[in-house]
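Input: a single structure, listed below in structure tokens.
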Amino acid sequence: MKNLLLAALMASAAWVGTSPAAEAQDNPWMLRARVIGVLPDESGTLKVGGTRLPGDVDIGDQYVPEFDITYFFNKHIAAELILGVTPHDVKAVNVTVPGALTDATIDLGDVWLLPPTLTAQYHFTEMGRFKPYVGAGINATFFFNEDEGKVADGISYDSSVGPALQAGFDYDLDGEPGGWAFNADIKKIWINTDVTVDFTTALGAKVKADVDIDPLVIGMGLGYKF
């Protein structure tokens with residue numbers, strides 16, 4: 001009888017563990033769609049032939065849609081991959097080239113960034129529907145569709161790899177395991193690239209720039225946990 005009772009209890013536990021509610025609660029995948037503002041905190045060092053030039057860079061803010069995928073290893077630990085592309089207008093400002101330019105602003109056209117970012121997150125789950133999290137990880141940024149603008153003959157950007165920090169929260173909208181959530185998120189991403197600008201026609205030289213983009217990325221949107 002004891003053996004029969006033990007077998008029944010084990011069978012009941014196995015059934016509960018595979019019930020739809022448990023499956024919904026334990027499903028590890030969450031998808032989010034956000035609108036993000038990419039706000040560069042840019043700075044740069046300009047050089048010609050190893051000689052530093054007075055000047056800096058200016059990179060425009062951008063607002064774009066973004067998509068991310070999160071995998072939960074357990075209720076606290078998750079990994080998030082952030083996907084999106086952003087176009088940015090680029091200028092060299094306060095540029096001085098002896099005998100050619102003084103405190104000038106030069107339009108360097110625009111460039112597209114593909115900055116996939118992978119973060120490891122810790123989720124706080126003891127606050128009811130409000131579920132904040134923090135994260136840290138790595139960013140890889142690739143540049144494409146470079147437009148050199150009207151002055152330069154050409155421009156190229158080197159790829160970048162750097163750290164990223166993150167904080168945000170999900171707010172459960174339906175009170176059920178899985179389902180819809182409102183999300184707000186902020187990230188600091190460190191992006192550094194070496195830029196070569198061909199000014200052969202205008203200045204008879206190529207200008208090299210060590211550029212820190214280092215954007216703050218602020219987003220809001222909706223998530224769905226399966």
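Numbering starts fresh at 1 for the residues of each chain in the structure tokens, the chains themselves are lettered A, B, ... in the order given, and ligands are numbered from 1 as they appear.
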
For this session: Check range 113-199 of chain A with DSSP on the backbone and list each residue it calls strand (DSSP E), as a PyMOL selection string.
Result: chain A and resi 113-114+117-123+130-147+154-157+160-172+179-189+192-199

Exercise. So how far away is CA of Asn27 in chain A from CA of Ile186 in chain A, in Å?
Worked result: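 So the answer is 25.2 Å.
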
Exercise. Hey, what's within 10 Å of Ile77 in chain A if we count only C-alpha atoms and toss same-chain stuff fewer than 5 positions away? As an NGL selection string, please?
Worked result: :A and (71-72 or 120-124 or 133 or 135)

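Each of A:Leu203, A:Val38, A:Met127, A:Ile82 was checked against Gly99 in chain A using only C-alpha atoms; the smallest atom-to-atom distance is that of A:Leu203.
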
I'd like the contact shell of Phe73 in chain A - 10 Å cut-off, only C-alpha atoms, skipping same-chain residues fewer than 3 positions apart - returned as a PDB file with N, CA and C atoms, in the first residue's frame.
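Saved file selection-v5.pdb follows:
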ATOM      1  N   ASP A  26       7.544  27.989 -17.108  1.00  0.00           N
ATOM      2  CA  ASP A  26       8.914  27.544 -17.262  1.00  0.00           C
ATOM      3  C   ASP A  26       9.477  27.784 -18.654  1.00  0.00           C
ATOM      4  N   ASN A  27       8.653  28.218 -19.620  1.00  0.00           N
ATOM      5  CA  ASN A  27       9.169  28.453 -20.961  1.00  0.00           C
ATOM      6  C   ASN A  27      10.249  29.525 -20.908  1.00  0.00           C
ATOM      7  N   PRO A  28      11.438  29.283 -21.475  1.00  0.00           N
ATOM      8  CA  PRO A  28      12.569  30.177 -21.254  1.00  0.00           C
ATOM      9  C   PRO A  28      12.657  31.371 -22.198  1.00  0.00           C
ATOM     10  N   TRP A  29      11.813  31.456 -23.224  1.00  0.00           N
ATOM     11  CA  TRP A  29      12.009  32.474 -24.254  1.00  0.00           C
ATOM     12  C   TRP A  29      11.114  33.692 -24.044  1.00  0.00           C
ATOM     13  N   THR A  70      15.386  37.160 -25.453  1.00  0.00           N
ATOM     14  CA  THR A  70      15.905  36.827 -24.125  1.00  0.00           C
ATOM     15  C   THR A  70      15.670  35.352 -23.833  1.00  0.00           C
ATOM     16  N   HIS A  76      15.823  33.973 -12.377  1.00  0.00           N
ATOM     17  CA  HIS A  76      16.660  35.133 -12.086  1.00  0.00           C
ATOM     18  C   HIS A  76      17.676  35.441 -13.179  1.00  0.00           C
ATOM     19  N   ILE A  77      18.255  34.427 -13.802  1.00  0.00           N
ATOM     20  CA  ILE A  77      19.374  34.608 -14.722  1.00  0.00           C
ATOM     21  C   ILE A  77      18.908  34.456 -16.165  1.00  0.00           C
ATOM     22  N   ALA A  78      19.267  35.449 -17.008  1.00  0.00           N
ATOM     23  CA  ALA A  78      18.877  35.407 -18.412  1.00  0.00           C
ATOM     24  C   ALA A  78      19.988  36.002 -19.272  1.00  0.00           C
ATOM     25  N   ALA A  79      19.914  35.732 -20.556  1.00  0.00           N
ATOM     26  CA  ALA A  79      20.809  36.336 -21.543  1.00  0.00           C
ATOM     27  C   ALA A  79      19.946  37.009 -22.602  1.00  0.00           C
TER      28      ALA A  79
END

For this session: Name the residues in contact with Thr125 in chain A at a cut-off of 12 Å, using only C-alpha atoms, excluding same-chain residues fewer than 5 positions from it; report them as JSON, numbers by chain.
Result: {"A": [74, 75, 76, 77, 130, 131, 132, 133, 169, 170, 171, 172]}
